[in-house]
>>> print(open('structure.cif').read())   # mmCIF, C-alpha atoms and all ligand atoms
data_query
loop_
_atom_site.label_atom_id
_atom_site.label_comp_id
_atom_site.auth_asym_id
_atom_site.auth_seq_id
_atom_site.Cartn_x
_atom_site.Cartn_y
_atom_site.Cartn_z
CA MET A 1 89.07 101.77 91.61
CA LYS A 2 91.40 99.49 89.67
CA ASN A 3 94.37 97.97 91.46
CA PHE A 4 97.45 98.03 89.25
CA PHE A 5 99.88 96.75 91.88
CA PRO A 6 101.83 93.66 90.99
CA LYS A 7 100.77 90.63 93.05
CA ARG A 8 104.12 90.12 94.72
CA ASP A 9 103.76 93.49 96.42
CA ARG A 10 100.40 92.89 98.00
CA PHE A 11 101.06 90.62 100.95
CA THR A 12 104.79 90.18 101.19
CA GLU A 13 105.37 92.22 104.35
CA VAL A 14 105.32 90.67 107.83
CA ARG A 15 102.01 91.43 109.49
CA PRO A 16 102.65 93.27 112.75
CA TYR A 17 99.59 91.81 114.53
CA GLN A 18 100.94 88.30 113.90
CA GLN A 19 104.20 89.29 115.51
CA THR A 20 102.26 90.50 118.57
CA VAL A 21 100.37 87.20 118.82
CA LEU A 22 103.61 85.25 118.38
CA THR A 23 105.28 87.27 121.15
CA ALA A 24 102.34 86.55 123.47
CA LEU A 25 102.56 82.84 122.63
CA LEU A 26 106.31 82.83 123.31
CA TRP A 27 105.78 84.43 126.74
CA PHE A 28 102.99 81.97 127.46
CA THR A 29 105.32 79.10 126.55
CA CYS A 30 108.11 80.43 128.74
CA SER A 31 105.82 80.72 131.77
CA ALA A 32 102.90 78.26 131.57
CA VAL A 33 104.68 75.47 129.68
CA LEU A 34 107.57 75.72 132.14
CA CYS A 35 105.09 75.08 135.00
CA TYR A 36 103.64 72.11 133.10
CA ALA A 37 107.15 70.74 132.52
CA SER A 38 107.83 70.77 136.29
CA LEU A 39 104.47 69.11 136.97
CA HIS A 40 105.04 66.43 134.34
CA PHE A 41 108.53 65.78 135.66
CA TYR A 42 107.02 65.31 139.13
CA LEU A 43 104.34 62.96 137.72
CA GLY A 44 107.02 60.86 136.03
CA ALA A 45 106.21 61.85 132.43
CA ARG A 46 109.89 62.51 131.78
CA TRP A 47 109.91 62.53 127.99
CA LEU A 48 107.06 64.98 127.91
CA ALA A 49 108.82 67.19 130.49
CA VAL A 50 112.04 67.14 128.43
CA ALA A 51 110.12 68.06 125.23
CA GLU A 52 108.39 70.90 127.08
CA LEU A 53 111.70 72.19 128.46
CA CYS A 54 113.18 72.15 124.93
CA LEU A 55 110.15 74.12 123.71
CA VAL A 56 110.59 76.63 126.54
CA ALA A 57 114.30 77.05 125.68
CA TYR A 58 113.42 77.53 121.99
CA ALA A 59 110.74 80.10 122.89
CA ALA A 60 113.20 81.96 125.14
CA LEU A 61 115.76 82.02 122.31
CA LEU A 62 113.19 83.39 119.83
CA LEU A 63 112.13 86.03 122.37
CA TYR A 64 115.75 87.05 122.85
CA VAL A 65 116.36 87.35 119.08
CA LEU A 66 113.10 89.27 118.67
CA HIS A 67 114.05 91.64 121.47
CA GLU A 68 117.65 92.19 120.31
CA THR A 69 117.14 92.43 116.55
CA GLY A 70 113.40 93.14 116.20
CA ARG A 71 113.30 90.31 113.64
CA ALA A 72 110.61 87.65 113.81
CA PRO A 73 111.25 84.13 112.43
CA ALA A 74 110.94 83.90 108.63
CA SER A 75 107.70 81.97 109.10
CA ASN A 76 105.53 81.53 112.19
CA LEU A 77 105.39 77.84 111.25
CA MET A 78 108.86 77.59 112.79
CA PHE A 79 107.29 77.92 116.23
CA VAL A 80 103.71 76.81 115.64
CA LEU A 81 104.72 73.32 114.47
CA PRO A 82 106.96 72.47 117.48
CA PHE A 83 104.33 73.98 119.82
CA PHE A 84 101.55 71.78 118.41
CA CYS A 85 103.84 68.72 118.31
CA VAL A 86 104.56 69.08 122.03
CA MET A 87 100.82 69.53 122.59
CA MET A 88 100.17 66.23 120.74
CA LEU A 89 102.85 64.53 122.84
CA SER A 90 101.10 65.69 126.01
CA LEU A 91 97.78 64.30 124.70
CA TRP A 92 99.47 61.01 123.91
CA THR A 93 101.26 60.57 127.25
CA GLU A 94 99.66 58.05 129.64
CA LYS A 95 100.07 60.28 132.71
CA THR A 96 97.93 63.14 131.45
CA GLY A 97 94.19 62.96 132.09
CA VAL A 98 91.33 63.35 129.63
CA MET A 99 90.92 67.07 130.43
CA VAL A 100 94.23 67.83 128.69
CA PHE A 101 92.27 67.57 125.43
CA VAL A 102 90.68 70.98 126.07
CA TRP A 103 93.96 72.47 124.78
CA VAL A 104 92.98 71.26 121.30
CA PHE A 105 90.50 74.17 121.17
CA LEU A 106 93.53 76.47 120.91
CA VAL A 107 94.69 74.82 117.67
CA PRO A 108 92.29 76.46 115.16
CA LEU A 109 92.57 79.86 116.86
CA LEU A 110 96.35 79.98 117.00
CA SER A 111 96.68 78.51 113.49
CA HIS A 112 94.54 81.20 111.92
CA LEU A 113 95.96 84.06 113.94
CA LEU A 114 99.58 83.09 113.27
CA LEU A 115 99.47 81.43 109.87
CA GLY A 116 96.69 83.17 108.00
CA ARG A 117 93.69 81.71 106.24
CA TRP A 118 94.90 78.80 104.11
CA GLN A 119 98.01 77.64 105.91
CA GLY A 120 96.11 78.07 109.19
CA LEU A 121 93.24 75.91 107.94
CA TRP A 122 95.49 73.05 106.81
CA VAL A 123 97.65 73.04 109.91
CA ALA A 124 94.55 73.15 112.14
CA LEU A 125 92.91 70.26 110.26
CA VAL A 126 96.05 68.12 110.52
CA PHE A 127 96.52 68.67 114.27
CA ILE A 128 92.82 68.39 115.14
CA GLY A 129 92.83 65.12 113.16
CA CYS A 130 95.86 63.90 115.13
CA ALA A 131 94.23 64.88 118.43
CA GLY A 132 91.04 62.99 117.46
CA ALA A 133 93.04 59.90 116.54
CA ILE A 134 94.97 60.03 119.85
CA PHE A 135 91.72 60.39 121.78
CA VAL A 136 90.12 57.36 120.11
CA TYR A 137 93.34 55.34 120.52
CA LYS A 138 93.60 56.19 124.23
CA TYR A 139 89.98 56.04 125.33
CA GLY A 140 87.98 54.50 122.50
CA ILE A 141 84.38 55.69 122.50
CA TRP A 142 83.02 54.63 125.82
CA GLY A 143 79.67 54.68 127.58
CA GLY A 144 77.23 53.88 124.77
CA TRP A 145 75.19 56.72 123.28
CA ILE A 146 76.20 59.17 126.05
CA GLY A 147 79.81 58.64 124.96
CA TYR A 148 78.87 59.26 121.33
CA VAL A 149 77.00 62.42 122.25
CA SER A 150 79.99 63.68 124.32
CA VAL A 151 82.43 63.04 121.48
CA ALA A 152 80.03 64.64 118.96
CA ASN A 153 79.79 67.70 121.22
CA VAL A 154 83.55 68.10 121.38
CA LEU A 155 83.87 67.59 117.61
CA LEU A 156 81.12 70.12 116.89
CA CYS A 157 82.65 72.67 119.23
CA THR A 158 86.11 72.24 117.64
CA ALA A 159 84.62 72.45 114.13
CA SER A 160 82.74 75.64 115.13
CA ILE A 161 85.89 77.29 116.45
CA LEU A 162 87.69 76.25 113.25
CA GLY A 163 84.86 77.62 111.08
CA PHE A 164 84.53 80.91 112.97
CA SER A 165 88.27 81.57 113.00
CA TYR A 166 88.43 80.79 109.27
CA ILE A 167 85.55 83.21 108.55
CA TYR A 168 87.16 85.86 110.76
CA GLU A 169 90.53 85.50 109.02
CA THR A 170 88.90 85.65 105.56
CA SER A 171 87.12 88.92 106.31
CA ARG A 172 90.19 90.36 108.05
CA GLU A 173 92.37 89.62 105.00
CA LYS A 174 89.79 91.22 102.69
CA THR A 175 89.58 94.37 104.81
CA GLU A 176 93.36 94.54 105.08
CA SER A 177 93.78 94.30 101.32
CA GLU A 178 91.17 97.03 100.76
CA LEU A 179 92.78 99.34 103.32
CA ARG A 180 96.21 98.67 101.84
CA ALA A 181 94.98 99.51 98.35
CA LEU A 182 93.41 102.72 99.68
CA ALA A 183 96.57 103.76 101.51
CA LEU A 184 98.93 103.08 98.63
CA ALA A 185 96.92 103.93 95.56
CA ASP A 186 95.86 107.12 93.88
CA PRO A 187 92.07 107.17 94.43
CA LEU A 188 91.22 108.33 90.91
CA THR A 189 93.38 106.12 88.71
CA GLY A 190 94.32 103.21 91.00
CA LEU A 191 98.00 103.67 90.17
CA ALA A 192 100.54 103.95 92.99
CA ASN A 193 100.31 107.24 94.87
CA ARG A 194 103.35 109.44 95.46
CA SER A 195 104.30 107.87 98.77
CA ARG A 196 104.05 104.33 97.37
CA PHE A 197 106.11 105.46 94.37
CA ARG A 198 108.84 106.73 96.70
CA ASP A 199 108.80 103.45 98.67
CA VAL A 200 109.31 101.44 95.51
CA PHE A 201 112.12 103.78 94.50
CA ALA A 202 113.82 103.20 97.87
CA ARG A 203 113.58 99.43 97.40
CA GLU A 204 114.92 99.60 93.83
CA ARG A 205 117.75 101.87 94.99
CA GLN A 206 118.82 99.16 97.44
CA ARG A 207 118.83 96.66 94.58
CA TYR A 208 120.99 99.04 92.57
CA LEU A 209 123.46 99.45 95.45
CA ARG A 210 123.64 95.69 95.98
CA ASN A 211 123.65 94.34 92.41
CA GLU A 212 124.01 97.45 90.25
CA THR A 213 120.63 96.64 88.72
CA PRO A 214 119.88 99.69 86.53
CA LEU A 215 116.79 101.78 87.14
CA ALA A 216 115.19 104.47 85.00
CA MET A 217 112.62 107.03 86.08
CA LEU A 218 110.16 108.54 83.59
CA VAL A 219 108.05 111.60 84.35
CA VAL A 220 105.07 111.76 81.98
CA ASP A 221 102.93 114.89 81.69
CA LEU A 222 99.87 115.24 79.47
CA ASP A 223 100.05 118.13 77.00
CA HIS A 224 97.52 120.96 77.16
CA PHE A 225 95.43 118.96 79.56
CA LYS A 226 93.73 122.13 80.74
CA ARG A 227 91.96 122.26 77.38
CA VAL A 228 90.36 118.85 77.97
CA ASN A 229 88.89 120.16 81.21
CA ASP A 230 87.89 123.48 79.71
CA ASP A 231 86.35 122.05 76.52
CA TYR A 232 84.70 118.86 77.81
CA GLY A 233 84.41 119.32 81.57
CA HIS A 234 86.16 117.99 84.65
CA ASP A 235 84.51 114.57 84.34
CA ALA A 236 86.03 114.10 80.91
CA GLY A 237 89.39 115.18 82.36
CA ASP A 238 89.10 112.58 85.12
CA MET A 239 88.20 109.86 82.65
CA ALA A 240 91.11 110.86 80.42
CA LEU A 241 93.48 110.50 83.37
CA CYS A 242 92.12 106.99 84.07
CA PHE A 243 92.42 106.14 80.40
CA VAL A 244 96.08 107.19 80.31
CA ALA A 245 96.76 105.34 83.59
CA GLU A 246 95.46 102.12 82.03
CA LEU A 247 97.60 102.66 78.93
CA LEU A 248 100.72 103.17 81.02
CA ALA A 249 100.00 100.18 83.26
CA SER A 250 99.30 97.96 80.25
CA ARG A 251 102.65 98.73 78.60
CA ILE A 252 105.04 98.27 81.54
CA ARG A 253 106.13 95.01 83.14
CA GLN A 254 104.76 93.59 86.41
CA THR A 255 108.08 94.41 88.07
CA ASP A 256 107.86 98.10 87.07
CA VAL A 257 105.65 100.61 88.81
CA ALA A 258 103.52 103.44 87.49
CA GLY A 259 102.25 106.15 89.82
CA ARG A 260 100.30 109.38 89.67
CA LEU A 261 102.54 112.05 91.12
CA GLY A 262 99.93 114.81 91.02
CA GLY A 263 97.50 116.49 88.60
CA GLU A 264 98.18 115.22 85.09
CA GLU A 265 101.72 114.09 85.90
CA PHE A 266 102.64 110.41 86.11
CA GLY A 267 105.87 108.72 87.18
CA ILE A 268 107.20 105.35 86.05
CA LEU A 269 110.04 103.33 87.52
CA LEU A 270 111.53 100.90 85.03
CA SER A 271 113.46 98.25 86.86
CA ASP A 272 116.50 96.63 85.20
CA VAL A 273 116.35 99.16 82.36
CA ASP A 274 119.19 101.47 81.28
CA LEU A 275 118.82 104.84 79.59
CA VAL A 276 118.90 103.54 76.00
CA HIS A 277 116.18 100.98 76.67
CA ALA A 278 114.20 103.54 78.72
CA ARG A 279 114.11 105.90 75.72
CA GLN A 280 112.55 103.17 73.56
CA ILE A 281 109.93 102.42 76.21
CA ALA A 282 109.20 106.13 76.64
CA GLU A 283 108.75 106.52 72.86
CA ASP A 284 106.38 103.53 72.87
CA LEU A 285 104.35 105.11 75.67
CA ARG A 286 104.26 108.44 73.90
CA ASP A 287 103.07 106.72 70.68
CA LEU A 288 100.49 104.76 72.59
CA ILE A 289 98.98 107.86 74.21
CA GLN A 290 98.95 109.68 70.88
CA ASP A 291 97.57 106.79 68.80
CA ARG A 292 94.87 105.37 71.08
CA ALA A 293 91.97 107.77 70.84
CA PHE A 294 90.24 108.66 74.09
CA ARG A 295 86.50 108.56 73.41
CA TYR A 296 84.15 110.70 75.45
CA ARG A 297 80.43 110.87 74.66
CA GLY A 298 81.01 109.65 71.13
CA LYS A 299 83.83 112.09 70.42
CA ASP A 300 87.53 111.30 70.02
CA ILE A 301 89.63 113.60 72.21
CA PRO A 302 93.25 113.69 71.07
CA LEU A 303 95.83 113.33 73.83
CA SER A 304 99.60 113.53 73.84
CA ALA A 305 102.31 113.50 76.46
CA SER A 306 105.80 114.84 77.05
CA ILE A 307 108.26 112.61 78.89
CA GLY A 308 111.48 113.31 80.79
CA ILE A 309 113.87 110.48 81.70
CA ALA A 310 116.58 110.11 84.33
CA GLU A 311 118.76 107.13 85.20
CA LEU A 312 119.76 106.13 88.71
CA GLY A 313 123.50 106.56 89.21
CA ARG A 314 124.19 108.67 86.14
CA ASP A 315 121.69 111.40 87.07
CA GLY A 316 121.68 111.12 90.85
CA MET A 317 121.39 108.74 93.73
CA ASP A 318 118.39 110.00 95.68
CA PHE A 319 114.75 110.46 94.80
CA ARG A 320 114.75 114.23 94.87
CA THR A 321 117.76 114.65 92.54
CA LEU A 322 116.60 112.00 90.11
CA PHE A 323 113.06 113.34 90.01
CA SER A 324 114.17 116.94 89.48
CA LYS A 325 116.47 115.80 86.60
CA ALA A 326 113.60 113.93 84.93
CA ASP A 327 111.27 116.88 85.58
CA ARG A 328 113.71 119.36 84.07
CA ARG A 329 113.95 117.20 80.93
CA LEU A 330 110.18 117.01 80.83
CA TYR A 331 109.98 120.80 80.76
CA GLN A 332 112.63 120.84 78.07
CA ALA A 333 110.36 118.53 76.04
CA LYS A 334 107.47 120.94 76.62
CA ALA A 335 109.63 123.89 75.56
CA GLU A 336 110.71 122.08 72.40
CA GLY A 337 107.11 121.72 71.24
CA ARG A 338 105.57 118.94 73.43
CA ASN A 339 104.67 115.34 72.47
CA ARG A 340 108.30 114.25 72.72
CA VAL A 341 110.81 112.41 74.91
CA VAL A 342 113.92 113.99 76.41
CA GLY A 343 116.48 111.96 78.33
N1 LIG A 401 89.98 116.52 85.53
C1 LIG A 401 91.08 116.69 86.28
N2 LIG A 401 91.93 117.69 85.96
C2 LIG A 401 93.03 117.85 86.71
C3 LIG A 401 93.32 117.01 87.79
N3 LIG A 401 94.50 117.40 88.32
C4 LIG A 401 94.92 118.48 87.60
N4 LIG A 401 94.03 118.73 86.62
C5 LIG A 401 94.08 119.79 85.63
O1 LIG A 401 95.18 119.67 84.80
C6 LIG A 401 95.43 120.95 84.23
C7 LIG A 401 96.90 121.20 84.19
O2 LIG A 401 97.08 122.40 83.51
P1 LIG A 401 98.49 123.00 83.22
O3 LIG A 401 99.37 122.80 84.42
O4 LIG A 401 98.28 124.39 82.75
O5 LIG A 401 99.09 122.10 82.12
P2 LIG A 401 98.56 121.72 80.68
O6 LIG A 401 97.27 122.40 80.33
O7 LIG A 401 98.55 120.22 80.62
O8 LIG A 401 99.69 122.29 79.75
P3 LIG A 401 101.15 121.74 79.58
O9 LIG A 401 101.46 120.83 80.71
O10 LIG A 401 102.02 122.96 79.59
O11 LIG A 401 101.17 121.04 78.28
C8 LIG A 401 94.67 121.97 85.08
O12 LIG A 401 93.56 122.43 84.36
C9 LIG A 401 94.20 121.16 86.27
O13 LIG A 401 92.94 121.59 86.75
C10 LIG A 401 92.38 115.97 88.09
O14 LIG A 401 92.55 115.18 89.03
N5 LIG A 401 91.29 115.85 87.32
#
>>> encode(input="structure.cif", output="structure tokens")
Amino acid sequence: MKNFFPKRDRFTEVRPYQQTVLTALLWFTCSAVLCYASLHFYLGARWLAVAELCLVAYAALLLYVLHETGRAPASNLMFVLPFFCVMMLSLWTEKTGVMVFVWVFLVPLLSHLLLGRWQGLWVALVFIGCAGAIFVYKYGIWGGWIGYVSVANVLLCTASILGFSYIYETSREKTESELRALALADPLTGLANRSRFRDVFARERQRYLRNETPLAMLVVDLDHFKRVNDDYGHDAGDMALCFVAELLASRIRQTDVAGRLGGEEFGILLSDVDLVHARQIAEDLRDLIQDRAFRYRGKDIPLSASIGIAELGRDGMDFRTLFSKADRRLYQAKAEGRNRVVG
């Protein structure tokens, strides 16, 4: 199945699982890091304790905002970076023992879970590098070959966690993108399905209300499509629908959306396009469908389409009204002899 969705729509939404992990990390910071701050204060590592208290206060603030507004920070980096910086400070501090370095194992895991594949990899590499440098600065490599073997063990273990979390995140992103495509696309043509089409309409409607950005809706219906099925078979009909879907997707801009609304009916949302311009585009699409022959088993099967147009604002403000206006004009085009545009 082809994926006709513009790139900007694929991964722009906040991932809910990341928000869950961030919330868990914030709670962890508020509880465990607070205990460490008290301990470090007691041990005389004052600067570290102050940094940890600041981190706890910041985590509490983010939790409060999250709870009150349901809005996560614009990027998880906003918490991950301070968290790792405080971790590095605790590695650096004289008063902390060598065992504090076990916390470094958290770096690749948290980076990938909260920042995704690429950003997670880079952030993890930077902080693991810093932790390694701090270790060598503080302790050198002691104890002859046993020391080397110990350091190599720790490095190998960290690299393995980094590698496994990277592999996990890569396959998770792939599965997510496949599931997303399945949930939002029409399985036959790969165009947006009806529910995706309505979502895009809702977003564009908000743009219209905010900036008065015009929006036109086209409803495209193939003429006498039943004959294609009857004369050449259902397979030919399916292939003709895919053929038309590709034509429509090839003519519109990346910021527009084409969807299959059902049967042989397609919908198109033309963003930033008024009625006059929409008519020209609809005529182009109609010409394209008529002129590009659909070939099936060596035969050219002629296709044509009727198109109804409606404009947001002038013809209605909600999906149902706008769609029924465009649909009524489509049936007017059919009644007037088909293969024409009405709007
Ligand atoms: N192959 C195939 N045919 C479909 C699909 N969905 C709907 N159809 C067919 O599309 C045809 C629609 O027929 P009608 O509603 O009579 O419309 P039409 O023949 O295009 O005639 P007008 O729209 O009046 O020009 C029917 O034969 C449906 O079976 C599909 O997914 N695949």
>>> closest_residue(input="structure.cif", among="A:Ile128, A:Thr23, A:Leu48, A:Leu34", to="Val65 of chain A", atoms="only C-alpha atoms")
A:Thr23
>>> residues_near_point(input="structure.cif", point="(102.1, 89.4, 110.4)", cutoff="12 Å", atoms="all atoms listed in the file", output="PyMOL selection string")
chain A and resi 11-23+71-76+112-116+173+176
>>> residues_near_ligand(input="structure.cif", ligand="ligand LIG 401 (chain A)", cutoff="9 Å", atoms="only C-alpha atoms and all ligand atoms", output="PDB file with C-alpha atoms, keeping the file's coordinate frame")
ATOM      1  CA  LEU A 188      91.220 108.330  90.910  1.00  0.00           C
ATOM      2  CA  ASP A 221     102.930 114.890  81.690  1.00  0.00           C
ATOM      3  CA  LEU A 222      99.870 115.240  79.470  1.00  0.00           C
ATOM      4  CA  ASP A 223     100.050 118.130  77.000  1.00  0.00           C
ATOM      5  CA  HIS A 224      97.520 120.960  77.160  1.00  0.00           C
ATOM      6  CA  PHE A 225      95.430 118.960  79.560  1.00  0.00           C
ATOM      7  CA  LYS A 226      93.730 122.130  80.740  1.00  0.00           C
ATOM      8  CA  ARG A 227      91.960 122.260  77.380  1.00  0.00           C
ATOM      9  CA  VAL A 228      90.360 118.850  77.970  1.00  0.00           C
ATOM     10  CA  ASN A 229      88.890 120.160  81.210  1.00  0.00           C
ATOM     11  CA  ASP A 230      87.890 123.480  79.710  1.00  0.00           C
ATOM     12  CA  GLY A 233      84.410 119.320  81.570  1.00  0.00           C
ATOM     13  CA  HIS A 234      86.160 117.990  84.650  1.00  0.00           C
ATOM     14  CA  ASP A 235      84.510 114.570  84.340  1.00  0.00           C
ATOM     15  CA  ALA A 236      86.030 114.100  80.910  1.00  0.00           C
ATOM     16  CA  GLY A 237      89.390 115.180  82.360  1.00  0.00           C
ATOM     17  CA  ASP A 238      89.100 112.580  85.120  1.00  0.00           C
ATOM     18  CA  MET A 239      88.200 109.860  82.650  1.00  0.00           C
ATOM     19  CA  ALA A 240      91.110 110.860  80.420  1.00  0.00           C
ATOM     20  CA  LEU A 241      93.480 110.500  83.370  1.00  0.00           C
ATOM     21  CA  GLY A 262      99.930 114.810  91.020  1.00  0.00           C
ATOM     22  CA  GLY A 263      97.500 116.490  88.600  1.00  0.00           C
ATOM     23  CA  GLU A 264      98.180 115.220  85.090  1.00  0.00           C
ATOM     24  CA  GLU A 265     101.720 114.090  85.900  1.00  0.00           C
ATOM     25  CA  SER A 304      99.600 113.530  73.840  1.00  0.00           C
ATOM     26  CA  ALA A 305     102.310 113.500  76.460  1.00  0.00           C
ATOM     27  CA  SER A 306     105.800 114.840  77.050  1.00  0.00           C
ATOM     28  CA  TYR A 331     109.980 120.800  80.760  1.00  0.00           C
ATOM     29  CA  LYS A 334     107.470 120.940  76.620  1.00  0.00           C
ATOM     30  CA  ALA A 335     109.630 123.890  75.560  1.00  0.00           C
ATOM     31  CA  ARG A 338     105.570 118.940  73.430  1.00  0.00           C
ATOM     32  CA  ASN A 339     104.670 115.340  72.470  1.00  0.00           C
TER      33      ASN A 339
END
>>> atom_distance(input="structure.cif", atom1="atom CA of Leu61 of chain A", atom2="atom CA of Leu81 of chain A")
16.1 Å
>>> residues_around(input="structure.cif", residues="segment 308-325 of chain A", least_positions_apart="2", cutoff="7 Å", atoms="only C-alpha atoms", output="PyMOL selection string")
chain A and resi 214-220+274-275+306+327-330+341-343
>>> axis_aligned_box(input="structure.cif", around="segment 265-279 of chain A", padding_each_side="8 Å", output="JSON")
{"center_x": 110.5, "center_y": 105.4, "center_z": 81.6, "size_x": 33.5, "size_y": 33.5, "size_z": 27.8}
>>> closest_residue(input="structure.cif", among="A:Ala124, A:Ala59, A:Val257, A:Ala181", to="Met78 of chain A", atoms="all atoms listed in the file")
A:Ala59
>>> closest_residue(input="structure.cif", among="A:Tyr139, A:Phe28, A:Tyr42, A:Trp118", to="Phe101 of chain A", atoms="all atoms listed in the file")
A:Tyr139
>>> residues_around(input="structure.cif", residues="Ala245 of chain A", least_positions_apart="2", cutoff="9 Å", atoms="only C-alpha atoms", output="ChimeraX atom specification")
/A:189-191,240-243,247-250,258-260,266
>>> atom_distance(input="structure.cif", atom1="atom CA of Val244 of chain A", atom2="atom CA of Asp291 of chain A")
11.6 Å
>>> atom_distance(input="structure.cif", atom1="atom CA of Gly129 of chain A", atom2="atom CA of Val98 of chain A")
16.6 Å
>>> closest_residue(input="structure.cif", among="A:Leu39, A:Arg251, A:Cys30, A:Gly267", to="Leu285 of chain A", atoms="all atoms listed in the file")
A:Arg251
>>> closest_residue(input="structure.cif", among="A:Ala51, A:Phe105, A:Gly298, A:Asp186", to="Leu156 of chain A", atoms="only C-alpha atoms")
A:Phe105
>>> closest_residue(input="structure.cif", among="A:Ala202, A:Met88, A:Leu43, A:Ala131", to="Leu155 of chain A", atoms="only C-alpha atoms")
A:Ala131
>>> decode(input="structure.cif", residues="segment 267-279 of chain A", atoms="N, CA and C atoms", output="PDB file, in the first residue's frame")
ATOM      1  N   GLY A 267     -12.312  12.560  -1.792  1.00  0.00           N
ATOM      2  CA  GLY A 267     -12.421  13.933  -1.291  1.00  0.00           C
ATOM      3  C   GLY A 267     -11.047  14.576  -1.329  1.00  0.00           C
ATOM      4  N   ILE A 268     -11.008  15.881  -1.576  1.00  0.00           N
ATOM      5  CA  ILE A 268      -9.726  16.590  -1.563  1.00  0.00           C
ATOM      6  C   ILE A 268      -9.907  17.876  -0.773  1.00  0.00           C
ATOM      7  N   LEU A 269      -8.961  18.156   0.113  1.00  0.00           N
ATOM      8  CA  LEU A 269      -8.974  19.432   0.830  1.00  0.00           C
ATOM      9  C   LEU A 269      -7.825  20.263   0.288  1.00  0.00           C
ATOM     10  N   LEU A 270      -8.164  21.414  -0.279  1.00  0.00           N
ATOM     11  CA  LEU A 270      -7.140  22.284  -0.843  1.00  0.00           C
ATOM     12  C   LEU A 270      -6.930  23.438   0.126  1.00  0.00           C
ATOM     13  N   SER A 271      -5.770  23.430   0.737  1.00  0.00           N
ATOM     14  CA  SER A 271      -5.492  24.423   1.765  1.00  0.00           C
ATOM     15  C   SER A 271      -5.007  25.717   1.109  1.00  0.00           C
ATOM     16  N   ASP A 272      -5.450  26.858   1.649  1.00  0.00           N
ATOM     17  CA  ASP A 272      -5.024  28.170   1.132  1.00  0.00           C
ATOM     18  C   ASP A 272      -5.496  28.398  -0.304  1.00  0.00           C
ATOM     19  N   VAL A 273      -6.659  27.854  -0.629  1.00  0.00           N
ATOM     20  CA  VAL A 273      -7.172  27.949  -2.002  1.00  0.00           C
ATOM     21  C   VAL A 273      -8.622  28.442  -1.947  1.00  0.00           C
ATOM     22  N   ASP A 274      -8.919  29.527  -2.698  1.00  0.00           N
ATOM     23  CA  ASP A 274     -10.312  30.005  -2.714  1.00  0.00           C
ATOM     24  C   ASP A 274     -11.080  29.315  -3.848  1.00  0.00           C
ATOM     25  N   LEU A 275     -12.344  29.701  -4.001  1.00  0.00           N
ATOM     26  CA  LEU A 275     -13.212  28.981  -4.925  1.00  0.00           C
ATOM     27  C   LEU A 275     -12.727  29.080  -6.378  1.00  0.00           C
ATOM     28  N   VAL A 276     -12.264  30.282  -6.756  1.00  0.00           N
ATOM     29  CA  VAL A 276     -11.842  30.491  -8.157  1.00  0.00           C
ATOM     30  C   VAL A 276     -10.669  29.560  -8.480  1.00  0.00           C
ATOM     31  N   HIS A 277      -9.686  29.566  -7.587  1.00  0.00           N
ATOM     32  CA  HIS A 277      -8.503  28.733  -7.778  1.00  0.00           C
ATOM     33  C   HIS A 277      -8.879  27.238  -7.709  1.00  0.00           C
ATOM     34  N   ALA A 278      -9.824  26.924  -6.814  1.00  0.00           N
ATOM     35  CA  ALA A 278     -10.250  25.517  -6.658  1.00  0.00           C
ATOM     36  C   ALA A 278     -10.886  25.016  -7.950  1.00  0.00           C
ATOM     37  N   ARG A 279     -11.622  25.881  -8.640  1.00  0.00           N
ATOM     38  CA  ARG A 279     -12.256  25.462  -9.916  1.00  0.00           C
ATOM     39  C   ARG A 279     -11.187  25.069 -10.923  1.00  0.00           C
TER      40      ARG A 279
END
